[in-house]
>>> print(open('input.tsv').read())   # TSV, C-alpha atoms
chain	number	residue	atom	x	y	z
A	16	MET	CA	-24.49	1.71	-3.84
A	17	THR	CA	-21.75	-0.84	-3.56
A	18	ILE	CA	-22.40	-3.81	-1.35
A	19	VAL	CA	-19.64	-4.57	1.06
A	20	PRO	CA	-19.78	-8.20	2.16
A	21	ASN	CA	-19.38	-9.06	5.81
A	22	ALA	CA	-19.74	-5.51	6.93
A	23	ARG	CA	-22.65	-3.40	7.93
A	24	PRO	CA	-22.69	-0.69	5.33
A	25	VAL	CA	-22.63	2.79	6.76
A	26	THR	CA	-24.98	4.90	4.74
A	27	ASP	CA	-23.83	8.32	3.75
A	28	TYR	CA	-27.25	9.90	3.49
A	29	LEU	CA	-26.06	13.05	1.83
A	30	ALA	CA	-24.23	11.05	-0.84
A	31	LYS	CA	-27.35	9.00	-1.33
A	32	VAL	CA	-29.40	12.13	-1.89
A	33	ASN	CA	-26.76	13.46	-4.22
A	34	THR	CA	-26.77	10.41	-6.46
A	35	ALA	CA	-30.54	10.00	-6.40
A	36	TRP	CA	-31.60	13.60	-6.81
A	37	GLY	CA	-28.58	15.20	-8.39
A	38	ASP	CA	-28.67	18.95	-8.38
A	39	THR	CA	-32.43	19.03	-8.11
A	40	ALA	CA	-32.52	17.92	-4.48
A	41	PRO	CA	-34.92	20.20	-2.62
A	42	ASP	CA	-33.71	21.82	0.59
A	43	TRP	CA	-35.99	19.75	2.77
A	44	VAL	CA	-34.60	16.47	1.41
A	45	ILE	CA	-31.11	17.70	2.22
A	46	ALA	CA	-32.27	18.67	5.69
A	47	LEU	CA	-33.73	15.21	6.06
A	48	ALA	CA	-30.46	13.59	5.01
A	49	GLU	CA	-28.52	15.77	7.40
A	50	ALA	CA	-30.83	14.84	10.23
A	51	CYS	CA	-30.37	11.16	9.36
A	52	SER	CA	-26.60	11.40	9.44
A	53	LYS	CA	-26.72	13.20	12.75
A	54	ASP	CA	-29.16	10.84	14.39
A	55	SER	CA	-30.30	7.63	12.75
A	56	GLN	CA	-32.76	7.05	10.00
A	57	SER	CA	-35.24	5.32	12.27
A	58	ALA	CA	-35.01	8.04	14.89
A	59	VAL	CA	-35.65	10.70	12.28
A	60	ALA	CA	-38.50	8.63	10.88
A	61	ARG	CA	-40.10	8.50	14.29
A	62	ARG	CA	-39.78	12.23	14.70
A	63	VAL	CA	-41.27	12.97	11.31
A	64	GLY	CA	-44.01	10.41	11.75
A	65	TYR	CA	-43.19	8.17	8.82
A	66	SER	CA	-41.57	4.76	8.67
A	67	ALA	CA	-37.86	4.28	8.11
A	68	PRO	CA	-38.40	2.67	4.68
A	69	THR	CA	-40.43	5.70	3.63
A	70	ILE	CA	-37.66	8.02	4.67
A	71	SER	CA	-35.20	5.83	2.81
A	72	ALA	CA	-37.38	5.98	-0.31
A	73	VAL	CA	-37.65	9.74	-0.08
A	74	LEU	CA	-33.91	10.10	0.22
A	75	GLY	CA	-33.47	7.75	-2.72
A	76	ASN	CA	-36.09	9.63	-4.75
A	77	THR	CA	-38.13	6.49	-5.25
A	78	TYR	CA	-41.05	7.29	-3.01
A	79	LYS	CA	-44.32	6.51	-4.76
A	80	GLY	CA	-46.60	8.01	-2.15
A	81	ASN	CA	-47.68	11.52	-1.43
A	82	MET	CA	-44.39	13.39	-1.50
A	83	PRO	CA	-45.81	16.83	-0.62
A	84	LYS	CA	-47.26	15.33	2.53
A	85	VAL	CA	-43.86	14.05	3.58
A	86	GLU	CA	-42.43	17.44	2.76
A	87	ASP	CA	-44.98	19.04	5.06
A	88	ALA	CA	-44.10	16.71	7.89
A	89	VAL	CA	-40.38	17.32	7.44
A	90	ARG	CA	-40.79	21.06	7.29
A	91	TRP	CA	-42.93	21.01	10.38
A	92	GLN	CA	-41.05	18.53	12.52
A	93	LEU	CA	-37.46	18.80	11.38
A	94	ILE	CA	-36.91	22.20	9.89
A	95	GLY	CA	-39.58	23.70	12.02
A	96	GLU	CA	-41.43	26.83	11.20
A	97	THR	CA	-40.78	29.31	13.98
A	98	VAL	CA	-42.98	31.59	15.98
A	99	SER	CA	-41.76	34.49	18.05
A	100	CYS	CA	-42.20	33.67	21.67
A	101	PRO	CA	-42.44	36.66	24.02
A	102	ILE	CA	-39.91	35.02	26.33
A	103	LEU	CA	-37.74	32.79	24.21
A	104	GLY	CA	-37.63	34.67	20.95
A	105	ALA	CA	-37.79	32.58	17.81
A	106	ILE	CA	-38.76	29.03	18.68
A	107	ARG	CA	-40.09	26.18	16.64
A	108	LYS	CA	-43.82	25.65	16.57
A	109	THR	CA	-43.46	22.21	18.09
A	110	GLU	CA	-41.58	23.71	21.02
A	111	CYS	CA	-44.25	26.36	21.39
A	112	ARG	CA	-46.85	23.60	21.57
A	113	GLU	CA	-44.80	21.70	24.14
A	114	TRP	CA	-44.56	24.73	26.40
A	115	GLN	CA	-48.28	25.36	26.17
A	116	ASP	CA	-48.97	21.80	27.25
A	117	LYS	CA	-46.81	22.02	30.35
A	118	PRO	CA	-48.71	22.29	33.61
A	119	TYR	CA	-47.80	24.82	36.27
A	120	ALA	CA	-44.69	23.86	38.21
A	121	ALA	CA	-42.38	26.23	40.05
A	122	THR	CA	-39.23	24.39	39.08
A	123	SER	CA	-37.56	27.56	37.85
A	124	SER	CA	-38.50	31.20	37.48
A	125	HIS	CA	-38.18	30.63	33.75
A	126	ARG	CA	-40.83	27.96	33.72
A	127	VAL	CA	-43.17	30.18	35.71
A	128	ALA	CA	-42.55	33.05	33.30
A	129	MET	CA	-43.31	30.75	30.38
A	130	TYR	CA	-46.50	29.55	32.04
A	131	ARG	CA	-47.57	33.16	32.46
A	132	ALA	CA	-46.58	34.15	28.94
A	133	CYS	CA	-48.66	31.37	27.37
A	134	ARG	CA	-51.67	32.69	29.29
A	135	ASP	CA	-51.11	36.39	28.91
A	136	GLY	CA	-52.65	36.85	25.52
A	137	CYS	CA	-49.80	35.47	23.44
A	138	PRO	CA	-51.09	35.33	19.86
A	139	HIS	CA	-49.57	31.87	19.39
A	140	SER	CA	-51.21	30.37	22.41
A	141	ARG	CA	-54.14	28.03	21.99
A	142	ILE	CA	-54.98	28.20	25.65
A	143	SER	CA	-58.17	30.03	26.39
A	144	THR	CA	-59.50	30.80	29.84
A	145	GLU	CA	-62.47	28.55	29.13
A	146	THR	CA	-60.43	25.49	28.26
A	147	GLU	CA	-58.34	26.03	31.37
A	148	GLU	CA	-61.37	26.15	33.63
A	149	THR	CA	-62.96	23.03	32.22
A	150	ALA	CA	-59.66	21.20	32.39
A	151	SER	CA	-59.06	21.82	36.07
B	14	MET	CA	-23.07	50.85	15.41
B	15	ASN	CA	-23.01	49.26	12.01
B	16	ALA	CA	-25.13	46.53	10.49
B	17	ILE	CA	-27.76	45.19	12.85
B	18	PRO	CA	-27.72	41.39	12.83
B	19	LYS	CA	-30.55	39.67	11.05
B	20	PRO	CA	-33.54	39.99	13.35
B	21	VAL	CA	-34.63	36.73	14.86
B	22	ASN	CA	-37.49	38.17	16.76
B	23	PRO	CA	-38.81	41.69	16.82
B	24	GLY	CA	-39.03	42.43	20.50
B	25	PHE	CA	-37.87	40.91	23.72
B	26	GLY	CA	-36.99	37.36	24.28
B	27	SER	CA	-34.00	36.83	22.09
B	28	VAL	CA	-30.77	36.05	23.77
B	29	ALA	CA	-28.02	38.41	22.75
B	30	PRO	CA	-24.95	36.57	21.44
B	31	LEU	CA	-22.73	37.55	24.35
B	32	LYS	CA	-19.42	35.98	25.16
B	33	ASN	CA	-20.90	34.51	28.32
B	34	VAL	CA	-23.49	32.66	26.28
B	35	ALA	CA	-20.73	31.19	24.15
B	36	GLU	CA	-18.75	30.28	27.25
B	37	CYS	CA	-21.69	28.55	28.88
B	38	LEU	CA	-22.47	26.69	25.67
B	39	ALA	CA	-18.85	25.58	25.44
B	40	VAL	CA	-18.94	24.13	28.94
B	41	ALA	CA	-22.18	22.32	28.16
B	42	GLN	CA	-20.79	20.99	24.90
B	43	LYS	CA	-17.70	19.74	26.62
B	44	ILE	CA	-19.61	17.70	29.16
B	45	ILE	CA	-22.13	16.45	26.64
B	46	ASP	CA	-19.39	15.26	24.29
B	47	ARG	CA	-17.18	13.92	27.04
B	48	PRO	CA	-15.15	10.84	26.23
B	49	ALA	CA	-16.07	7.57	27.86
B	50	GLY	CA	-14.94	7.28	31.43
B	51	VAL	CA	-14.88	11.00	32.03
B	52	ASP	CA	-17.37	12.46	34.45
B	53	GLY	CA	-19.87	14.86	33.05
B	54	LEU	CA	-19.99	17.57	35.66
B	55	GLY	CA	-19.67	21.14	34.46
B	56	VAL	CA	-19.59	24.34	36.48
B	57	PHE	CA	-20.46	27.78	35.17
B	58	PHE	CA	-19.97	30.46	37.77
B	59	GLY	CA	-19.77	34.19	38.21
B	60	PRO	CA	-21.13	37.10	40.21
B	61	SER	CA	-24.81	37.93	40.09
B	62	GLY	CA	-26.11	39.97	37.20
B	63	TYR	CA	-23.57	38.74	34.67
B	64	GLY	CA	-26.20	36.90	32.71
B	65	LYS	CA	-25.38	33.38	33.81
B	66	SER	CA	-28.99	32.33	34.07
B	67	LYS	CA	-29.85	33.85	30.72
B	68	ALA	CA	-26.90	32.09	29.18
B	69	SER	CA	-27.85	28.78	30.73
B	70	LEU	CA	-31.40	29.21	29.49
B	71	TYR	CA	-30.05	29.57	26.01
B	72	VAL	CA	-28.14	26.34	26.50
B	73	GLN	CA	-31.27	24.74	27.88
B	74	ASN	CA	-33.10	25.56	24.70
B	75	LYS	CA	-30.27	24.48	22.44
B	76	ALA	CA	-29.63	21.22	24.18
B	77	LYS	CA	-33.23	20.50	25.19
B	78	ALA	CA	-31.93	20.21	28.69
B	79	ILE	CA	-33.79	19.67	31.92
B	80	TYR	CA	-33.64	22.96	33.75
B	81	ILE	CA	-34.23	23.56	37.41
B	82	GLU	CA	-33.58	26.64	39.47
B	83	VAL	CA	-33.07	25.98	43.14
B	84	PHE	CA	-35.18	28.10	45.45
B	85	ASP	CA	-34.21	28.82	49.00
B	86	PHE	CA	-37.26	27.15	50.47
B	87	TRP	CA	-36.67	23.86	48.71
B	88	THR	CA	-36.42	20.66	50.66
B	89	LYS	CA	-34.94	17.46	49.35
B	90	LYS	CA	-38.38	16.29	48.46
B	91	VAL	CA	-39.21	19.44	46.52
B	92	LEU	CA	-35.93	19.12	44.65
B	93	VAL	CA	-36.72	15.60	43.53
B	94	GLU	CA	-40.32	16.50	42.75
B	95	SER	CA	-39.15	19.40	40.63
B	96	ILE	CA	-36.84	17.23	38.60
B	97	LEU	CA	-39.70	14.80	38.08
B	98	ALA	CA	-41.98	17.66	37.03
B	99	GLU	CA	-39.41	18.70	34.46
B	100	LEU	CA	-39.32	15.13	33.22
B	101	GLY	CA	-43.04	15.35	32.61
B	102	VAL	CA	-44.38	13.60	35.69
B	103	THR	CA	-47.26	15.79	36.75
B	104	ASN	CA	-48.19	14.07	39.96
B	105	PRO	CA	-45.10	12.68	41.70
B	106	LYS	CA	-45.81	10.31	44.53
B	107	GLY	CA	-43.98	8.25	47.10
B	108	SER	CA	-40.93	8.65	49.25
B	109	ILE	CA	-37.86	10.54	48.18
B	110	ALA	CA	-36.16	7.25	47.42
B	111	ASP	CA	-39.05	6.12	45.25
B	112	MET	CA	-39.03	9.36	43.35
B	113	MET	CA	-35.27	9.26	42.91
B	114	LYS	CA	-35.60	5.78	41.46
B	115	GLN	CA	-38.23	7.11	39.10
B	116	VAL	CA	-35.94	9.97	38.06
B	117	LEU	CA	-33.14	7.56	37.28
B	118	ARG	CA	-35.51	5.29	35.43
B	119	LEU	CA	-36.88	8.12	33.30
B	120	LEU	CA	-33.42	9.40	32.51
B	121	GLN	CA	-32.47	5.97	31.27
B	122	ASP	CA	-34.87	6.52	28.38
B	123	ASP	CA	-33.12	9.77	27.64
B	124	PRO	CA	-29.43	9.02	27.82
B	125	ASN	CA	-27.01	11.90	27.80
B	126	ARG	CA	-29.69	14.50	28.30
B	127	LEU	CA	-28.23	17.55	29.95
B	128	LEU	CA	-29.42	18.60	33.39
B	129	ILE	CA	-28.90	22.25	34.26
B	130	VAL	CA	-29.11	23.29	37.89
B	131	ASP	CA	-29.28	27.03	38.33
B	132	GLU	CA	-28.46	28.57	41.72
B	133	ALA	CA	-26.50	25.43	42.43
B	134	ASP	CA	-24.65	27.07	45.31
B	135	LYS	CA	-27.89	26.95	47.29
B	136	LEU	CA	-27.94	23.24	46.68
B	137	VAL	CA	-24.45	22.95	48.11
B	138	ASP	CA	-25.35	25.11	51.11
B	139	LYS	CA	-28.28	22.89	51.88
B	140	GLY	CA	-26.22	19.76	51.48
B	141	PHE	CA	-28.33	18.42	48.61
B	142	ILE	CA	-25.50	18.30	46.13
B	143	GLU	CA	-25.06	14.58	46.75
B	144	TYR	CA	-28.50	14.07	45.22
B	145	ILE	CA	-27.33	15.61	42.01
B	146	ARG	CA	-24.26	13.44	42.19
B	147	ASP	CA	-26.50	10.43	42.65
B	148	ILE	CA	-28.43	11.43	39.58
B	149	TYR	CA	-25.47	11.77	37.30
B	150	LYS	CA	-23.90	8.67	38.74
B	151	GLY	CA	-27.09	6.66	38.46
B	152	ALA	CA	-28.22	7.91	35.09
B	153	ARG	CA	-24.84	8.85	33.61
B	154	ILE	CA	-26.08	12.16	32.30
B	155	PRO	CA	-24.08	15.36	32.03
B	156	VAL	CA	-24.90	17.94	34.69
B	157	LEU	CA	-24.19	21.64	34.47
B	158	LEU	CA	-24.12	23.53	37.75
B	159	VAL	CA	-24.66	27.25	37.46
B	160	GLY	CA	-24.01	29.44	40.44
B	161	GLU	CA	-22.44	32.36	42.13
B	162	GLU	CA	-18.80	33.22	42.24
B	163	ARG	CA	-18.06	31.05	45.27
B	164	LEU	CA	-19.58	27.89	43.82
B	165	PRO	CA	-16.24	26.22	43.03
B	166	ASP	CA	-15.02	26.92	46.57
B	167	LYS	CA	-18.19	25.54	48.04
B	168	LEU	CA	-17.85	22.41	45.95
B	169	LYS	CA	-14.40	21.88	47.44
B	170	ALA	CA	-16.04	20.88	50.69
B	171	TYR	CA	-17.53	17.96	48.78
B	172	GLU	CA	-14.39	16.38	47.56
B	173	ARG	CA	-16.20	13.70	45.66
B	174	CYS	CA	-17.95	16.37	43.67
B	175	GLU	CA	-15.04	18.64	43.12
B	176	ASN	CA	-12.93	15.86	41.65
B	177	ARG	CA	-15.54	15.16	39.07
B	178	VAL	CA	-15.82	18.55	37.51
B	179	THR	CA	-14.74	18.17	33.91
B	180	ALA	CA	-15.30	21.68	32.69
B	181	PHE	CA	-15.25	25.05	34.39
B	182	GLY	CA	-16.64	28.16	32.79
B	183	MET	CA	-16.40	31.63	34.18
B	184	ALA	CA	-18.91	34.36	33.45
B	185	ASN	CA	-17.13	37.56	32.55
B	186	PRO	CA	-18.28	41.15	32.57
B	187	CYS	CA	-19.58	42.59	29.32
B	188	ASP	CA	-17.30	44.47	27.00
B	189	VAL	CA	-18.36	47.05	24.43
B	190	ASP	CA	-19.06	44.35	21.82
B	191	ASP	CA	-21.38	42.63	24.23
B	192	ALA	CA	-23.09	45.91	24.99
B	193	LYS	CA	-23.55	46.45	21.26
B	194	ALA	CA	-25.16	43.04	20.95
B	195	LEU	CA	-27.47	43.85	23.85
B	196	ALA	CA	-28.38	47.19	22.34
B	197	SER	CA	-29.19	45.61	19.01
B	198	ILE	CA	-31.45	43.07	20.68
B	199	TYR	CA	-33.27	45.35	23.06
B	200	HIS	CA	-33.29	48.52	20.99
B	201	ARG	CA	-33.50	47.71	17.34
B	202	GLN	CA	-34.81	51.08	16.30
B	203	LEU	CA	-32.26	53.13	18.15
B	204	ARG	CA	-28.67	53.68	17.13
B	205	ILE	CA	-26.58	54.08	20.22
B	206	ASP	CA	-23.21	55.66	19.67
B	207	ASP	CA	-20.15	53.54	20.58
B	208	ASP	CA	-18.87	56.23	22.89
B	209	LEU	CA	-22.03	56.13	24.94
B	210	LEU	CA	-21.95	52.33	25.03
B	211	ALA	CA	-18.35	52.35	26.21
B	212	HIS	CA	-19.28	54.87	28.86
B	213	ILE	CA	-22.19	52.71	30.03
B	214	VAL	CA	-20.00	49.60	30.16
B	215	MET	CA	-17.45	51.45	32.27
B	216	GLU	CA	-19.97	52.96	34.66
B	217	THR	CA	-21.83	49.69	35.17
B	218	SER	CA	-18.57	47.73	35.55
B	219	GLY	CA	-19.80	45.54	32.73
B	220	VAL	CA	-22.57	43.93	34.76
B	221	THR	CA	-25.01	42.70	32.15
B	222	SER	CA	-28.22	43.31	34.07
B	223	ARG	CA	-27.20	46.91	34.84
B	224	ILE	CA	-26.36	47.48	31.19
B	225	VAL	CA	-29.75	46.17	30.16
B	226	THR	CA	-31.51	48.39	32.69
B	227	THR	CA	-29.47	51.39	31.61
B	228	LEU	CA	-30.17	50.67	27.95
B	229	ALA	CA	-33.88	50.61	28.75
B	230	GLU	CA	-33.42	54.01	30.32
B	231	VAL	CA	-31.58	55.23	27.23
B	232	GLY	CA	-34.41	53.87	25.11
B	233	GLN	CA	-36.97	55.83	27.11
B	234	PHE	CA	-34.80	58.91	26.97
B	235	ALA	CA	-34.51	58.73	23.21
B	236	LYS	CA	-38.18	57.99	22.76
B	237	ALA	CA	-39.21	60.99	24.82
B	238	ARG	CA	-37.03	63.21	22.64
B	239	GLN	CA	-37.92	61.40	19.42
B	240	LEU	CA	-34.31	60.55	18.65
B	241	SER	CA	-33.36	57.70	16.38
B	242	GLU	CA	-29.69	58.10	17.22
B	243	ILE	CA	-28.13	58.98	20.49
B	244	THR	CA	-24.60	60.00	21.41
B	245	ARG	CA	-22.81	60.29	24.70
B	246	ASP	CA	-23.24	64.06	24.86
B	247	GLN	CA	-26.96	63.84	24.24
B	248	TYR	CA	-27.69	61.35	26.96
B	249	THR	CA	-28.18	62.92	30.37
B	250	GLY	CA	-30.33	60.21	31.93
B	251	PRO	CA	-29.31	57.82	34.69
B	252	ILE	CA	-26.78	55.04	34.45
B	253	PHE	CA	-27.20	52.15	36.84
B	254	THR	CA	-23.96	51.68	38.69
B	255	GLY	CA	-25.42	49.43	41.36
B	256	ARG	CA	-25.15	52.15	43.99
B	257	ALA	CA	-28.15	53.92	45.44
B	258	PRO	CA	-28.20	57.64	44.64
B	259	ARG	CA	-26.75	60.04	47.21
B	260	ARG	CA	-28.10	63.36	48.35
B	261	LYS	CA	-25.96	66.25	47.33
>>> encode(input="input.tsv", output="structure tokens")
Amino acid sequence: MTIVPNARPVTDYLAKVNTAWGDTAPDWVIALAEACSKDSQSAVARRVGYSAPTISAVLGNTYKGNMPKVEDAVRWQLIGETVSCPILGAIRKTECREWQDKPYAATSSHRVAMYRACRDGCPHSRISTETEETAS
Amino acid sequence: MNAIPKPVNPGFGSVAPLKNVAECLAVAQKIIDRPAGVDGLGVFFGPSGYGKSKASLYVQNKAKAIYIEVFDFWTKKVLVESILAELGVTNPKGSIADMMKQVLRLLQDDPNRLLIVDEADKLVDKGFIEYIRDIYKGARIPVLLVGEERLPDKLKAYERCENRVTAFGMANPCDVDDAKALASIYHRQLRIDDDLLAHIVMETSGVTSRIVTTLAEVGQFAKARQLSEITRDQYTGPIFTGRAPRRK
């Protein structure tokens, strides 16, 4: 990377991946770079649960740590494996989790329907009648 | 019907890629990406049953928006409490003013997050619309109002609101392409002939909810007769036109 004096260099994350990984860049690294260009590296790092320098190292193919673990986190948090929600259709697992954690509130008929769906024997739901009773 | 689009979800739940969904998304996009100095108020309106709420729910998911649907019994306090609940405050306390301050404070941490208000015409009827204006003024977030056909007219009474609408979107009745998309979402296994779809669209005046109900009826009809394809001549079941049946 060329160093431009007196200017804050704007990183082109995709270019960085391209030079560092060449044609062997895995899809998740590209997804990571795309997320960084859309948001910011630190914001993406926060979402994935790693530090910004780690993300930078991964993009630059110089990460010495446990790369498969980072891959897991990226796939989970950024790319997002999906589940089929009875109401919303294909949603990311993280979203599914978020909906399950929401308490009852009649702020919209949609929210009520979601509350019901999470408790109506949805195979993706972790809510059991027992946990509900002890919680309340 | 030709190639069925790649299935996202086998079963209910998916939102069919209708033109109204695209329209609603476009309005939302316009107010989210508004240039500096432009107000971020969007209005998406149309008669009931056109799929406005479904479309706005799709936008809600896409944009991770805050979504509230105004109920008739709501008071100002319930409105503010509901917004707080959507922001993750489980036990809102204090006066309306306190809670409004909390709403604005929380939205500060989430700049430019879209707020979608469904059934917004009720809000105008009740005279609560100024609260929403306060919220977008105080937190500088884009707000999408979704409501019935007369929503723009009702907003006129509130000049300060009407002037600030940056984007209008109109929900339109379904055409045959939309009906095809609906059929492929709700009835993956069944091939419904274009002629029959066109007939359904005409009879239902393109009202999305009637089309969906009629398609469910077609699905039942085909299932009972073990058909995997159905044409206009074969189908003799009901079509929901929105009118109650008459005695002959």
>>> interface_residues(input="input.tsv", of="chain A", to="chain B", cutoff="12 Å", atoms="only C-alpha atoms", output="VMD selection string")
chain A and resid 97 to 107 110 to 111 113 to 114 116 to 129 132
>>> write_last_selection(input="input.tsv", atoms="C-alpha atoms", output="short mmCIF file (atom, residue, chain, number, x, y, z; two decimals), in the coordinates of the input")
data_model
loop_
_atom_site.label_atom_id
_atom_site.label_comp_id
_atom_site.auth_asym_id
_atom_site.auth_seq_id
_atom_site.Cartn_x
_atom_site.Cartn_y
_atom_site.Cartn_z
CA THR A 97 -40.78 29.31 13.98
CA VAL A 98 -42.98 31.59 15.98
CA SER A 99 -41.76 34.49 18.05
CA CYS A 100 -42.20 33.67 21.67
CA PRO A 101 -42.44 36.66 24.02
CA ILE A 102 -39.91 35.02 26.33
CA LEU A 103 -37.74 32.79 24.21
CA GLY A 104 -37.63 34.67 20.95
CA ALA A 105 -37.79 32.58 17.81
CA ILE A 106 -38.76 29.03 18.68
CA ARG A 107 -40.09 26.18 16.64
CA GLU A 110 -41.58 23.71 21.02
CA CYS A 111 -44.25 26.36 21.39
CA GLU A 113 -44.80 21.70 24.14
CA TRP A 114 -44.56 24.73 26.40
CA ASP A 116 -48.97 21.80 27.25
CA LYS A 117 -46.81 22.02 30.35
CA PRO A 118 -48.71 22.29 33.61
CA TYR A 119 -47.80 24.82 36.27
CA ALA A 120 -44.69 23.86 38.21
CA ALA A 121 -42.38 26.23 40.05
CA THR A 122 -39.23 24.39 39.08
CA SER A 123 -37.56 27.56 37.85
CA SER A 124 -38.50 31.20 37.48
CA HIS A 125 -38.18 30.63 33.75
CA ARG A 126 -40.83 27.96 33.72
CA VAL A 127 -43.17 30.18 35.71
CA ALA A 128 -42.55 33.05 33.30
CA MET A 129 -43.31 30.75 30.38
CA ALA A 132 -46.58 34.15 28.94
#
>>> residues_around(input="input.tsv", residues="Lys135 in chain B", least_positions_apart="4", cutoff="9 Å", atoms="only C-alpha atoms", output="MDAnalysis selection string")
chainID B and resid 83:85 139:141 160
>>> residues_around(input="input.tsv", residues="Gln202 in chain B", least_positions_apart="5", cutoff="9 Å", atoms="all atoms listed in the file", output="list in words")
Ser197, Ser241 and Glu242 of chain B
>>> residues_around(input="input.tsv", residues="range 31-42 of chain B", least_positions_apart="4", cutoff="7 Å", atoms="all atoms listed in the file", output="list in words")
Asp46, Gly55, Phe57, Ala68, Ser69, Val72, Leu157, Ala180, Phe181, Gly182, Ala184, Asn185, Asp191 and Ala194 of chain B
>>> residues_around(input="input.tsv", residues="range 48-59 of chain A", least_positions_apart="2", cutoff="10 Å", atoms="all atoms listed in the file", output="PDB file with C-alpha atoms, keeping the file's coordinate frame")
ATOM      1  CA  VAL A  25     -22.630   2.790   6.760  1.00  0.00           C
ATOM      2  CA  THR A  26     -24.980   4.900   4.740  1.00  0.00           C
ATOM      3  CA  ASP A  27     -23.830   8.320   3.750  1.00  0.00           C
ATOM      4  CA  TYR A  28     -27.250   9.900   3.490  1.00  0.00           C
ATOM      5  CA  LEU A  29     -26.060  13.050   1.830  1.00  0.00           C
ATOM      6  CA  ALA A  30     -24.230  11.050  -0.840  1.00  0.00           C
ATOM      7  CA  LYS A  31     -27.350   9.000  -1.330  1.00  0.00           C
ATOM      8  CA  VAL A  32     -29.400  12.130  -1.890  1.00  0.00           C
ATOM      9  CA  ASN A  33     -26.760  13.460  -4.220  1.00  0.00           C
ATOM     10  CA  ASP A  42     -33.710  21.820   0.590  1.00  0.00           C
ATOM     11  CA  TRP A  43     -35.990  19.750   2.770  1.00  0.00           C
ATOM     12  CA  VAL A  44     -34.600  16.470   1.410  1.00  0.00           C
ATOM     13  CA  ILE A  45     -31.110  17.700   2.220  1.00  0.00           C
ATOM     14  CA  ALA A  46     -32.270  18.670   5.690  1.00  0.00           C
ATOM     15  CA  ARG A  61     -40.100   8.500  14.290  1.00  0.00           C
ATOM     16  CA  ARG A  62     -39.780  12.230  14.700  1.00  0.00           C
ATOM     17  CA  VAL A  63     -41.270  12.970  11.310  1.00  0.00           C
ATOM     18  CA  GLY A  64     -44.010  10.410  11.750  1.00  0.00           C
ATOM     19  CA  TYR A  65     -43.190   8.170   8.820  1.00  0.00           C
ATOM     20  CA  SER A  66     -41.570   4.760   8.670  1.00  0.00           C
ATOM     21  CA  ALA A  67     -37.860   4.280   8.110  1.00  0.00           C
ATOM     22  CA  PRO A  68     -38.400   2.670   4.680  1.00  0.00           C
ATOM     23  CA  ILE A  70     -37.660   8.020   4.670  1.00  0.00           C
ATOM     24  CA  SER A  71     -35.200   5.830   2.810  1.00  0.00           C
ATOM     25  CA  VAL A  73     -37.650   9.740  -0.080  1.00  0.00           C
ATOM     26  CA  LEU A  74     -33.910  10.100   0.220  1.00  0.00           C
ATOM     27  CA  VAL A  89     -40.380  17.320   7.440  1.00  0.00           C
ATOM     28  CA  GLN A  92     -41.050  18.530  12.520  1.00  0.00           C
ATOM     29  CA  LEU A  93     -37.460  18.800  11.380  1.00  0.00           C
ATOM     30  CA  ILE A  94     -36.910  22.200   9.890  1.00  0.00           C
TER      31      ILE A  94
END
>>> atom_distance(input="input.tsv", atom1="CA of Asp246 in chain B", atom2="CA of Leu195 in chain B")
20.7 Å
